[in-house]
Amino acid sequence: MDLKTVRTQAKESLKGYCRVCPICDGRACAGEVPGMGGTGTGVSFKNNLHALASYSLNMRTLHGAKDPDTKAELFGTKLSSPIMGAPMTGTPYNMGGTISEREFIGMIVSGSRQAGTLGWTGDGADPAMYTSGLEAIAEEQGKGIPIIKPREQKVIIDCIRRAEAAGAKAVGVDIDGAGLVTMALKGQPVGPKTKEEIKELVASTKLPFILKGIMTVDEAEMAAQAGVSAIVVSNHGGRILDFTPGAASVLPSIAAAVKGKVTILVDGGVRTGVDVLKLLALGAEGVLVGRPLVVGAFGGGAEGVKLLLDKMTAELKQAMILTGCQTIKDIDSKVIQQG
């Protein structure tokens with residue numbers, strides 16, 4: 001299987017819900033939510049790409065980093081690289097429904113495990129979406145992380161118990177789903193949470209607890225105060241609120257405020273291993289990839305997901321060679337410049 005075959009098959013399978021554009025930048029699908037696009041004008045989606053593109057790499061070749069090590073670790077789980085599959089749901093209304101929810105998330109989690117990393121699973125208006133993710137994680141010996149929508153507290157805690165039973169490595173809430181259009185359309189109550197409510201959720205489990213959807217320093221600090229193990233800097237792929245900045249724009253200030261207090265993860269606009277290097281240099285410790293893995297799954301199943309993750313890891317390694325970084329921990333602000 002090669003990338004060209006995966007892209008060709010994905011374009012047919014996705015039935016126009018995703019055009020599998022040569023450059024996935026949100027222009028063709030702006031406003032298509034439900035669908036694969038960004039909400040409203042699509043500016044938030046595009047800003048993720050623009051923010052990453054605003055940074056250049058400082059090429060260095062006089063050093064000893066001849067064979068860099070891309071390995072990373074998250075909550076005691078060793079990973080082949082810091083690149084993981086982002087939580088995604090909604091195959092019927094976001095991706096055309098050619099494959100079922102269970103098949104799709106199984107491909108994401110299985111392909112991620114085969115690539116030596118973790119696949120995250122999501123939640124949605126249909127309870128089967130969250131259940132499908134847990135089934136996929138259990139099938140892959142717990143090699144996955146389920147993320148729950150910001151539902152009522154009792155419902156979230158019940159979902160956490162089910163994640164524990166599935167053997168998940170961690171669990172969390174995508175707080176950026178508070179205004180998700182697709183949830184509202186299906187009559188599912190979701191909304192913001194107070195710091196006290198997050199504390200309650202953290203205290204409800206022994207699993208590492210993740211808060212996904214942090215975009216400001218003050219909320220990063222609140223999350224740390226609430227005791228979360230990790231945050232994901234994310235604007236939900238530009239699918240929630242129009243005119244938000246790109247994740248790479250806000251990541252440095254958030255990292256300056258809370259790095260060392262919580263694990264910092266990030267998603268948004270990641271298309272290559274070079275993008276991963278930039279985000280690590282800006283302060284992230286792990287990176288989630290979304291839309292590209294949809295193409296991988298619909299175009300090649302678990303093998304297609306693995307192919308794309310392996311490709312990004314190889315690109316990351318090459319970029320590490322050319323910026324003088326022997327390990328992931330060596331990647332810092334010295335490898336990038338703005339402009």
# chains A, B, ... in the order shown; residues from 1 in each chain; ligands from 1
$ residues_around --residues "region 55-72 of chain A" --least-positions-apart "4" --cutoff "6 Å" --atoms "only C-alpha atoms" --output "MDAnalysis selection string"
chainID A and resid 79:82 321:328 335:339
$ write_last_selection --atoms "N, CA and C atoms" --output "short mmCIF file (atom, residue, chain, number, x, y, z; two decimals), in the first residue's frame"
data_model
loop_
_atom_site.label_atom_id
_atom_site.label_comp_id
_atom_site.auth_asym_id
_atom_site.auth_seq_id
_atom_site.Cartn_x
_atom_site.Cartn_y
_atom_site.Cartn_z
N LEU A 79 6.11 5.13 23.62
CA LEU A 79 5.59 5.35 22.28
C LEU A 79 6.73 5.43 21.27
N SER A 80 6.47 5.00 20.05
CA SER A 80 7.48 5.08 19.00
C SER A 80 7.77 6.52 18.63
N SER A 81 6.81 7.40 18.85
CA SER A 81 6.97 8.83 18.59
C SER A 81 5.91 9.57 19.39
N PRO A 82 6.02 10.90 19.51
CA PRO A 82 5.01 11.65 20.25
C PRO A 82 3.76 11.94 19.43
N ILE A 321 17.33 15.33 12.33
CA ILE A 321 18.70 15.27 11.82
C ILE A 321 19.15 16.65 11.35
N LEU A 322 18.28 17.35 10.66
CA LEU A 322 18.65 18.62 10.03
C LEU A 322 18.48 19.83 10.95
N THR A 323 18.09 19.58 12.20
CA THR A 323 18.07 20.67 13.19
C THR A 323 18.93 20.33 14.41
N GLY A 324 19.60 19.19 14.37
CA GLY A 324 20.54 18.84 15.42
C GLY A 324 19.93 18.33 16.70
N CYS A 325 18.87 17.53 16.59
CA CYS A 325 18.18 17.02 17.79
C CYS A 325 18.29 15.50 17.85
N GLN A 326 18.99 14.98 18.84
CA GLN A 326 19.18 13.54 18.96
C GLN A 326 17.96 12.85 19.57
N THR A 327 17.27 13.52 20.50
CA THR A 327 16.08 12.95 21.13
C THR A 327 14.95 13.98 21.10
N ILE A 328 13.76 13.52 21.42
CA ILE A 328 12.61 14.41 21.48
C ILE A 328 12.83 15.52 22.49
N VAL A 335 15.37 25.46 17.60
CA VAL A 335 15.23 24.89 16.25
C VAL A 335 14.28 25.70 15.35
N ILE A 336 13.61 26.69 15.90
CA ILE A 336 12.65 27.45 15.10
C ILE A 336 12.87 28.95 15.22
N GLN A 337 12.30 29.66 14.27
CA GLN A 337 12.20 31.10 14.36
C GLN A 337 10.92 31.52 13.65
N GLN A 338 10.36 32.64 14.07
CA GLN A 338 9.12 33.09 13.46
C GLN A 338 9.46 33.95 12.24
N GLY A 339 8.76 33.64 11.15
CA GLY A 339 8.99 34.39 9.93
C GLY A 339 9.75 33.60 8.90
#
$ select_by_dssp --residues "region 80-187 of chain A" --states "strand (DSSP E or B)" --output "MDAnalysis selection string"
chainID A and resid 83:85 119:121 144:148 171:174
$ residues_around --residues "region 209-217 of chain A" --least-positions-apart "2" --cutoff "6 Å" --atoms "only C-alpha atoms" --output "JSON, numbers by chain"
{"A": [171, 172, 173, 174, 175, 176, 202, 219, 220, 228, 229, 230, 231, 232, 233, 234, 235, 254]}
$ write_last_selection --atoms "all heavy atoms" --output "short mmCIF file (atom, residue, chain, number, x, y, z; two decimals), in the first residue's frame"
data_model
loop_
_atom_site.label_atom_id
_atom_site.label_comp_id
_atom_site.auth_asym_id
_atom_site.auth_seq_id
_atom_site.Cartn_x
_atom_site.Cartn_y
_atom_site.Cartn_z
N VAL A 171 -8.03 9.02 30.60
CA VAL A 171 -9.38 9.39 30.19
C VAL A 171 -9.47 10.91 30.26
O VAL A 171 -8.66 11.56 30.95
CB VAL A 171 -10.43 8.73 31.11
CG1 VAL A 171 -10.40 9.32 32.52
CG2 VAL A 171 -11.83 8.81 30.51
N GLY A 172 -10.41 11.48 29.55
CA GLY A 172 -10.52 12.94 29.61
C GLY A 172 -11.81 13.47 29.04
O GLY A 172 -12.68 12.71 28.61
N VAL A 173 -11.91 14.79 29.06
CA VAL A 173 -13.09 15.50 28.53
C VAL A 173 -12.61 16.54 27.53
O VAL A 173 -11.65 17.27 27.81
CB VAL A 173 -13.87 16.19 29.67
CG1 VAL A 173 -14.90 17.17 29.13
CG2 VAL A 173 -14.55 15.14 30.55
N ASP A 174 -13.26 16.58 26.36
CA ASP A 174 -12.94 17.67 25.43
C ASP A 174 -13.88 18.84 25.72
O ASP A 174 -14.96 18.96 25.16
CB ASP A 174 -12.97 17.22 23.97
CG ASP A 174 -14.27 16.58 23.52
OD1 ASP A 174 -15.07 16.18 24.38
OD2 ASP A 174 -14.49 16.49 22.30
N ILE A 175 -13.39 19.68 26.62
CA ILE A 175 -14.18 20.81 27.08
C ILE A 175 -14.51 21.75 25.93
O ILE A 175 -15.50 22.50 25.98
CB ILE A 175 -13.43 21.54 28.22
CG1 ILE A 175 -14.37 22.43 29.02
CG2 ILE A 175 -12.22 22.28 27.71
CD1 ILE A 175 -15.40 21.69 29.82
N ASP A 176 -13.73 21.70 24.85
CA ASP A 176 -14.02 22.51 23.67
C ASP A 176 -15.25 22.02 22.92
O ASP A 176 -15.71 22.68 21.98
CB ASP A 176 -12.81 22.58 22.74
CG ASP A 176 -12.23 21.22 22.39
OD1 ASP A 176 -12.67 20.21 22.96
OD2 ASP A 176 -11.31 21.17 21.54
N VAL A 202 -11.59 14.84 38.19
CA VAL A 202 -10.23 14.37 38.44
C VAL A 202 -10.21 13.42 39.64
O VAL A 202 -9.56 12.36 39.62
CB VAL A 202 -9.27 15.55 38.69
CG1 VAL A 202 -7.92 15.07 39.20
CG2 VAL A 202 -9.11 16.39 37.42
N GLU A 219 -6.98 29.64 31.52
CA GLU A 219 -7.65 28.35 31.64
C GLU A 219 -6.65 27.20 31.77
O GLU A 219 -6.95 26.19 32.42
CB GLU A 219 -8.62 28.14 30.47
CG GLU A 219 -9.79 29.11 30.52
CD GLU A 219 -11.06 28.59 29.89
OE1 GLU A 219 -10.99 27.71 29.01
OE2 GLU A 219 -12.15 29.07 30.29
N ALA A 220 -5.46 27.35 31.20
CA ALA A 220 -4.41 26.36 31.41
C ALA A 220 -4.04 26.32 32.89
O ALA A 220 -3.86 25.24 33.48
CB ALA A 220 -3.20 26.68 30.56
N VAL A 228 -5.55 18.31 36.83
CA VAL A 228 -5.52 17.45 35.65
C VAL A 228 -4.08 17.00 35.39
O VAL A 228 -3.12 17.68 35.74
CB VAL A 228 -6.09 18.16 34.40
CG1 VAL A 228 -7.49 18.70 34.68
CG2 VAL A 228 -5.18 19.26 33.89
N SER A 229 -3.95 15.84 34.76
CA SER A 229 -2.62 15.32 34.42
C SER A 229 -2.08 15.94 33.14
O SER A 229 -0.87 16.09 32.98
CB SER A 229 -2.68 13.80 34.26
OG SER A 229 -3.07 13.18 35.47
N ALA A 230 -2.99 16.28 32.23
CA ALA A 230 -2.56 16.83 30.94
C ALA A 230 -3.64 17.73 30.37
O ALA A 230 -4.83 17.60 30.69
CB ALA A 230 -2.26 15.70 29.95
N ILE A 231 -3.20 18.66 29.53
CA ILE A 231 -4.12 19.46 28.74
C ILE A 231 -3.80 19.25 27.27
O ILE A 231 -2.67 18.89 26.91
CB ILE A 231 -4.04 20.96 29.07
CG1 ILE A 231 -2.62 21.50 28.83
CG2 ILE A 231 -4.48 21.22 30.51
CD1 ILE A 231 -2.51 23.02 28.92
N VAL A 232 -4.80 19.45 26.43
CA VAL A 232 -4.57 19.49 24.99
C VAL A 232 -4.90 20.90 24.51
O VAL A 232 -6.05 21.35 24.63
CB VAL A 232 -5.43 18.47 24.23
CG1 VAL A 232 -5.09 18.51 22.73
CG2 VAL A 232 -5.23 17.06 24.78
N VAL A 233 -3.90 21.60 24.02
CA VAL A 233 -4.11 22.91 23.43
C VAL A 233 -4.78 22.68 22.07
O VAL A 233 -4.20 22.04 21.19
CB VAL A 233 -2.79 23.67 23.28
CG1 VAL A 233 -3.01 25.02 22.60
CG2 VAL A 233 -2.12 23.85 24.64
N SER A 234 -6.02 23.16 21.94
CA SER A 234 -6.80 22.80 20.75
C SER A 234 -8.00 23.71 20.58
O SER A 234 -8.64 24.09 21.57
CB SER A 234 -7.31 21.35 20.91
OG SER A 234 -8.23 21.01 19.89
N ASN A 235 -8.30 24.08 19.34
CA ASN A 235 -9.55 24.78 19.04
C ASN A 235 -10.55 23.84 18.37
O ASN A 235 -11.41 24.28 17.61
CB ASN A 235 -9.30 26.04 18.21
CG ASN A 235 -8.79 25.75 16.80
OD1 ASN A 235 -8.73 24.60 16.37
ND2 ASN A 235 -8.42 26.80 16.06
N ILE A 254 1.11 29.37 26.81
CA ILE A 254 0.56 28.35 27.70
C ILE A 254 1.69 27.48 28.26
O ILE A 254 1.73 27.19 29.47
CB ILE A 254 -0.48 27.49 26.96
CG1 ILE A 254 -1.74 28.33 26.69
CG2 ILE A 254 -0.82 26.22 27.73
CD1 ILE A 254 -2.79 27.65 25.83
#
$ closest_residue --among "A:Val262, A:Ala319, A:Leu307, A:Val33" --to "Ala226 (chain A)" --atoms "only C-alpha atoms"
A:Val262
$ residues_around --residues "Gly85 (chain A)" --least-positions-apart "5" --cutoff "6 Å" --atoms "only C-alpha atoms" --output "PDB file with N, CA, C and O atoms, in the first residue's frame"
ATOM      1  N   GLY A 119      -4.039   5.557  19.841  1.00  0.00           N
ATOM      2  CA  GLY A 119      -5.170   6.177  19.183  1.00  0.00           C
ATOM      3  C   GLY A 119      -6.164   6.647  20.225  1.00  0.00           C
ATOM      4  O   GLY A 119      -6.490   5.902  21.163  1.00  0.00           O
ATOM      5  N   TRP A 120      -6.604   7.877  20.113  1.00  0.00           N
ATOM      6  CA  TRP A 120      -7.614   8.408  21.018  1.00  0.00           C
ATOM      7  C   TRP A 120      -8.990   8.208  20.407  1.00  0.00           C
ATOM      8  O   TRP A 120      -9.154   8.202  19.176  1.00  0.00           O
ATOM      9  N   LEU A 288      -1.397  15.440  18.544  1.00  0.00           N
ATOM     10  CA  LEU A 288      -2.496  14.632  18.013  1.00  0.00           C
ATOM     11  C   LEU A 288      -2.760  15.003  16.559  1.00  0.00           C
ATOM     12  O   LEU A 288      -2.733  16.185  16.200  1.00  0.00           O
ATOM     13  N   VAL A 289      -3.038  13.994  15.759  1.00  0.00           N
ATOM     14  CA  VAL A 289      -3.312  14.185  14.328  1.00  0.00           C
ATOM     15  C   VAL A 289      -4.727  13.728  14.034  1.00  0.00           C
ATOM     16  O   VAL A 289      -5.121  12.617  14.420  1.00  0.00           O
TER      17      VAL A 289
END
$ residues_around --residues "Val295 (chain A)" --least-positions-apart "2" --cutoff "8 Å" --atoms "only C-alpha atoms" --output "list of chain:residue names"
A:Val6, A:Arg7, A:Ala10, A:Lys11, A:Val20, A:Arg291, A:Pro292, A:Leu293, A:Ala297, A:Phe298, A:Gly299, A:Gly304
$ residues_around --residues "Arg271 (chain A)" --least-positions-apart "3" --cutoff "12 Å" --atoms "only C-alpha atoms" --output "ChimeraX atom specification"
/A:22-25,48-49,52-53,83,267-268,274-279,287-293,295,308-309,311-313,315-316
$ closest_residue --among "A:Val258, A:Ala223, A:Leu14, A:Ile240" --to "Thr98 (chain A)" --atoms "only C-alpha atoms"
A:Leu14
$ closest_residue --among "A:Val305, A:Gln153, A:Leu180, A:Pro127" --to "Thr194 (chain A)" --atoms "only C-alpha atoms"
A:Gln153
$ select_by_dssp --residues "region 30-93 of chain A" --states "alpha helix (DSSP H)" --output "list in words"
Val43, Ser44, Phe45, Lys46, Asn47, Asn48, Leu49, His50, Ala51, Leu52, Ala53, Thr91, Pro92 and Tyr93 of chain A
$ write_last_selection --atoms "N, CA, C and O atoms" --output "PDB file, in the first residue's frame"
ATOM      1  N   VAL A  43     -12.229  30.222   9.325  1.00  0.00           N
ATOM      2  CA  VAL A  43     -11.002  30.909   9.716  1.00  0.00           C
ATOM      3  C   VAL A  43     -10.251  30.165  10.819  1.00  0.00           C
ATOM      4  O   VAL A  43      -9.013  30.081  10.801  1.00  0.00           O
ATOM      5  N   SER A  44     -10.972  29.607  11.784  1.00  0.00           N
ATOM      6  CA  SER A  44     -10.292  28.901  12.883  1.00  0.00           C
ATOM      7  C   SER A  44      -9.509  27.696  12.363  1.00  0.00           C
ATOM      8  O   SER A  44      -8.382  27.438  12.807  1.00  0.00           O
ATOM      9  N   PHE A  45     -10.103  26.961  11.434  1.00  0.00           N
ATOM     10  CA  PHE A  45      -9.423  25.835  10.783  1.00  0.00           C
ATOM     11  C   PHE A  45      -8.168  26.357  10.078  1.00  0.00           C
ATOM     12  O   PHE A  45      -7.051  25.851  10.293  1.00  0.00           O
ATOM     13  N   LYS A  46      -8.340  27.380   9.255  1.00  0.00           N
ATOM     14  CA  LYS A  46      -7.210  27.920   8.491  1.00  0.00           C
ATOM     15  C   LYS A  46      -6.128  28.486   9.401  1.00  0.00           C
ATOM     16  O   LYS A  46      -4.934  28.375   9.108  1.00  0.00           O
ATOM     17  N   ASN A  47      -6.538  29.093  10.523  1.00  0.00           N
ATOM     18  CA  ASN A  47      -5.556  29.672  11.438  1.00  0.00           C
ATOM     19  C   ASN A  47      -4.619  28.633  12.026  1.00  0.00           C
ATOM     20  O   ASN A  47      -3.464  28.934  12.356  1.00  0.00           O
ATOM     21  N   ASN A  48      -5.110  27.403  12.199  1.00  0.00           N
ATOM     22  CA  ASN A  48      -4.216  26.335  12.666  1.00  0.00           C
ATOM     23  C   ASN A  48      -3.061  26.137  11.685  1.00  0.00           C
ATOM     24  O   ASN A  48      -1.900  26.004  12.088  1.00  0.00           O
ATOM     25  N   LEU A  49      -3.379  26.140  10.398  1.00  0.00           N
ATOM     26  CA  LEU A  49      -2.348  25.972   9.369  1.00  0.00           C
ATOM     27  C   LEU A  49      -1.443  27.196   9.296  1.00  0.00           C
ATOM     28  O   LEU A  49      -0.214  27.076   9.214  1.00  0.00           O
ATOM     29  N   HIS A  50      -2.054  28.378   9.312  1.00  0.00           N
ATOM     30  CA  HIS A  50      -1.277  29.617   9.199  1.00  0.00           C
ATOM     31  C   HIS A  50      -0.319  29.782  10.368  1.00  0.00           C
ATOM     32  O   HIS A  50       0.816  30.249  10.201  1.00  0.00           O
ATOM     33  N   ALA A  51      -0.777  29.423  11.569  1.00  0.00           N
ATOM     34  CA  ALA A  51       0.073  29.561  12.753  1.00  0.00           C
ATOM     35  C   ALA A  51       1.314  28.680  12.634  1.00  0.00           C
ATOM     36  O   ALA A  51       2.434  29.113  12.959  1.00  0.00           O
ATOM     37  N   LEU A  52       1.133  27.466  12.174  1.00  0.00           N
ATOM     38  CA  LEU A  52       2.277  26.572  11.986  1.00  0.00           C
ATOM     39  C   LEU A  52       3.201  27.088  10.882  1.00  0.00           C
ATOM     40  O   LEU A  52       4.426  27.061  11.012  1.00  0.00           O
ATOM     41  N   ALA A  53       2.607  27.592   9.800  1.00  0.00           N
ATOM     42  CA  ALA A  53       3.407  28.068   8.672  1.00  0.00           C
ATOM     43  C   ALA A  53       4.208  29.324   8.999  1.00  0.00           C
ATOM     44  O   ALA A  53       5.171  29.644   8.297  1.00  0.00           O
ATOM     45  N   THR A  91     -18.989   9.231  11.755  1.00  0.00           N
ATOM     46  CA  THR A  91     -18.828   8.793  10.365  1.00  0.00           C
ATOM     47  C   THR A  91     -20.084   9.013   9.523  1.00  0.00           C
ATOM     48  O   THR A  91     -19.967   9.363   8.347  1.00  0.00           O
ATOM     49  N   PRO A  92     -21.305   8.860  10.066  1.00  0.00           N
ATOM     50  CA  PRO A  92     -22.485   9.048   9.200  1.00  0.00           C
ATOM     51  C   PRO A  92     -22.655  10.477   8.688  1.00  0.00           C
ATOM     52  O   PRO A  92     -22.937  10.693   7.512  1.00  0.00           O
ATOM     53  N   TYR A  93     -22.465  11.483   9.575  1.00  0.00           N
ATOM     54  CA  TYR A  93     -22.749  12.850   9.162  1.00  0.00           C
ATOM     55  C   TYR A  93     -21.505  13.698   8.915  1.00  0.00           C
ATOM     56  O   TYR A  93     -21.591  14.778   8.338  1.00  0.00           O
TER      57      TYR A  93
END
$ closest_residue --among "A:Ala168, A:Ala163, A:Leu118, A:Ala247" --to "Lys78 (chain A)" --atoms "only C-alpha atoms"
A:Leu118
$ closest_residue --among "A:Gly124, A:Gly237, A:Gly246, A:Gly144" --to "Ala184 (chain A)" --atoms "only C-alpha atoms"
A:Gly124
$ atom_distance --atom1 "CA of Thr8 (chain A)" --atom2 "CA of Met95 (chain A)"
15.4 Å
$ atom_distance --atom1 "CA of Arg102 (chain A)" --atom2 "CA of Gly122 (chain A)"
11.4 Å
$ closest_residue --among "A:Gly35, A:Gly40, A:Gly133, A:Gly187" --to "Gly90 (chain A)" --atoms "only C-alpha atoms"
A:Gly35
$ residues_around --residues "Gln114 (chain A)" --least-positions-apart "6" --cutoff "9 Å" --atoms "only C-alpha atoms" --output "number ranges by chain"
A: 302-303, 306
$ write_last_selection --atoms "all heavy atoms" --output "PDB file, in the first residue's frame"
ATOM      1  N   ALA A 302      -6.773   0.170   8.875  1.00  0.00           N
ATOM      2  CA  ALA A 302      -5.742   0.306   9.913  1.00  0.00           C
ATOM      3  C   ALA A 302      -4.360   0.441   9.284  1.00  0.00           C
ATOM      4  O   ALA A 302      -3.507   1.189   9.773  1.00  0.00           O
ATOM      5  CB  ALA A 302      -5.786  -0.892  10.856  1.00  0.00           C
ATOM      6  N   GLU A 303      -4.165  -0.256   8.163  1.00  0.00           N
ATOM      7  CA  GLU A 303      -2.878  -0.177   7.474  1.00  0.00           C
ATOM      8  C   GLU A 303      -2.631   1.234   6.942  1.00  0.00           C
ATOM      9  O   GLU A 303      -1.509   1.746   6.974  1.00  0.00           O
ATOM     10  CB  GLU A 303      -2.830  -1.190   6.328  1.00  0.00           C
ATOM     11  CG  GLU A 303      -1.480  -1.262   5.632  1.00  0.00           C
ATOM     12  CD  GLU A 303      -1.459  -2.267   4.484  1.00  0.00           C
ATOM     13  OE1 GLU A 303      -2.446  -3.020   4.334  1.00  0.00           O
ATOM     14  OE2 GLU A 303      -0.456  -2.283   3.737  1.00  0.00           O
ATOM     15  N   LYS A 306      -1.647   3.426   9.903  1.00  0.00           N
ATOM     16  CA  LYS A 306      -0.246   3.153  10.243  1.00  0.00           C
ATOM     17  C   LYS A 306       0.698   3.791   9.222  1.00  0.00           C
ATOM     18  O   LYS A 306       1.723   4.394   9.598  1.00  0.00           O
ATOM     19  CB  LYS A 306      -0.003   1.645  10.300  1.00  0.00           C
ATOM     20  CG  LYS A 306       1.447   1.267  10.615  1.00  0.00           C
ATOM     21  CD  LYS A 306       1.642  -0.241  10.619  1.00  0.00           C
ATOM     22  CE  LYS A 306       3.065  -0.627  11.025  1.00  0.00           C
ATOM     23  NZ  LYS A 306       4.101  -0.104  10.101  1.00  0.00           N
TER      24      LYS A 306
END
$ atom_distance --atom1 "CA of Ile156 (chain A)" --atom2 "CA of Gly177 (chain A)"
13.3 Å
$ decode --residues "region 265-330 of chain A" --atoms "C-alpha atoms" --output "PDB file, in the first residue's frame"
ATOM      1  CA  LEU A 265      -0.349  18.080  24.270  1.00  0.00           C
ATOM      2  CA  VAL A 266      -1.608  19.884  21.162  1.00  0.00           C
ATOM      3  CA  ASP A 267      -3.566  19.374  17.963  1.00  0.00           C
ATOM      4  CA  GLY A 268      -4.678  21.440  14.997  1.00  0.00           C
ATOM      5  CA  GLY A 269      -3.375  21.620  11.433  1.00  0.00           C
ATOM      6  CA  VAL A 270      -0.762  18.879  11.790  1.00  0.00           C
ATOM      7  CA  ARG A 271       0.031  17.505   8.346  1.00  0.00           C
ATOM      8  CA  THR A 272       3.708  16.482   8.469  1.00  0.00           C
ATOM      9  CA  GLY A 273       6.480  15.480  10.815  1.00  0.00           C
ATOM     10  CA  VAL A 274       7.910  18.976  10.368  1.00  0.00           C
ATOM     11  CA  ASP A 275       4.688  20.351  11.884  1.00  0.00           C
ATOM     12  CA  VAL A 276       5.230  17.990  14.812  1.00  0.00           C
ATOM     13  CA  LEU A 277       8.793  19.265  15.285  1.00  0.00           C
ATOM     14  CA  LYS A 278       7.530  22.863  15.341  1.00  0.00           C
ATOM     15  CA  LEU A 279       4.898  22.113  17.979  1.00  0.00           C
ATOM     16  CA  LEU A 280       7.393  20.268  20.169  1.00  0.00           C
ATOM     17  CA  ALA A 281       9.765  23.238  19.830  1.00  0.00           C
ATOM     18  CA  LEU A 282       6.926  25.533  20.935  1.00  0.00           C
ATOM     19  CA  GLY A 283       6.437  23.591  24.163  1.00  0.00           C
ATOM     20  CA  ALA A 284       4.260  20.553  23.445  1.00  0.00           C
ATOM     21  CA  GLU A 285       5.199  17.096  24.711  1.00  0.00           C
ATOM     22  CA  GLY A 286       2.870  15.204  22.389  1.00  0.00           C
ATOM     23  CA  VAL A 287       0.883  15.910  19.227  1.00  0.00           C
ATOM     24  CA  LEU A 288      -2.496  14.632  18.013  1.00  0.00           C
ATOM     25  CA  VAL A 289      -3.312  14.185  14.328  1.00  0.00           C
ATOM     26  CA  GLY A 290      -6.901  14.245  13.065  1.00  0.00           C
ATOM     27  CA  ARG A 291      -8.027  14.778   9.480  1.00  0.00           C
ATOM     28  CA  PRO A 292      -5.043  13.052   7.787  1.00  0.00           C
ATOM     29  CA  LEU A 293      -5.897   9.832   9.636  1.00  0.00           C
ATOM     30  CA  VAL A 294      -9.481  10.000   8.352  1.00  0.00           C
ATOM     31  CA  VAL A 295      -7.966   9.779   4.872  1.00  0.00           C
ATOM     32  CA  GLY A 296      -5.769   6.910   6.038  1.00  0.00           C
ATOM     33  CA  ALA A 297      -8.689   4.971   7.506  1.00  0.00           C
ATOM     34  CA  PHE A 298     -11.094   5.477   4.615  1.00  0.00           C
ATOM     35  CA  GLY A 299      -8.373   4.828   2.059  1.00  0.00           C
ATOM     36  CA  GLY A 300      -6.551   1.937   3.639  1.00  0.00           C
ATOM     37  CA  GLY A 301      -8.060   0.876   6.950  1.00  0.00           C
ATOM     38  CA  ALA A 302      -5.742   0.306   9.913  1.00  0.00           C
ATOM     39  CA  GLU A 303      -2.878  -0.177   7.474  1.00  0.00           C
ATOM     40  CA  GLY A 304      -3.569   3.255   5.984  1.00  0.00           C
ATOM     41  CA  VAL A 305      -3.558   4.843   9.442  1.00  0.00           C
ATOM     42  CA  LYS A 306      -0.246   3.153  10.243  1.00  0.00           C
ATOM     43  CA  LEU A 307       1.187   4.256   6.891  1.00  0.00           C
ATOM     44  CA  LEU A 308       0.477   7.919   7.601  1.00  0.00           C
ATOM     45  CA  LEU A 309       1.717   7.797  11.197  1.00  0.00           C
ATOM     46  CA  ASP A 310       4.908   6.048  10.076  1.00  0.00           C
ATOM     47  CA  LYS A 311       5.358   8.666   7.349  1.00  0.00           C
ATOM     48  CA  MET A 312       5.048  11.522   9.847  1.00  0.00           C
ATOM     49  CA  THR A 313       7.473   9.818  12.233  1.00  0.00           C
ATOM     50  CA  ALA A 314      10.011   9.419   9.415  1.00  0.00           C
ATOM     51  CA  GLU A 315       9.567  13.097   8.535  1.00  0.00           C
ATOM     52  CA  LEU A 316      10.057  14.043  12.171  1.00  0.00           C
ATOM     53  CA  LYS A 317      13.278  12.005  12.327  1.00  0.00           C
ATOM     54  CA  GLN A 318      14.606  13.651   9.160  1.00  0.00           C
ATOM     55  CA  ALA A 319      13.788  17.104  10.540  1.00  0.00           C
ATOM     56  CA  MET A 320      15.578  16.196  13.783  1.00  0.00           C
ATOM     57  CA  ILE A 321      18.698  15.267  11.816  1.00  0.00           C
ATOM     58  CA  LEU A 322      18.652  18.622  10.034  1.00  0.00           C
ATOM     59  CA  THR A 323      18.065  20.666  13.188  1.00  0.00           C
ATOM     60  CA  GLY A 324      20.540  18.839  15.422  1.00  0.00           C
ATOM     61  CA  CYS A 325      18.180  17.022  17.789  1.00  0.00           C
ATOM     62  CA  GLN A 326      19.178  13.538  18.958  1.00  0.00           C
ATOM     63  CA  THR A 327      16.083  12.954  21.125  1.00  0.00           C
ATOM     64  CA  ILE A 328      12.606  14.411  21.477  1.00  0.00           C
ATOM     65  CA  LYS A 329      13.730  16.219  24.627  1.00  0.00           C
ATOM     66  CA  ASP A 330      16.391  18.050  22.599  1.00  0.00           C
TER      67      ASP A 330
END
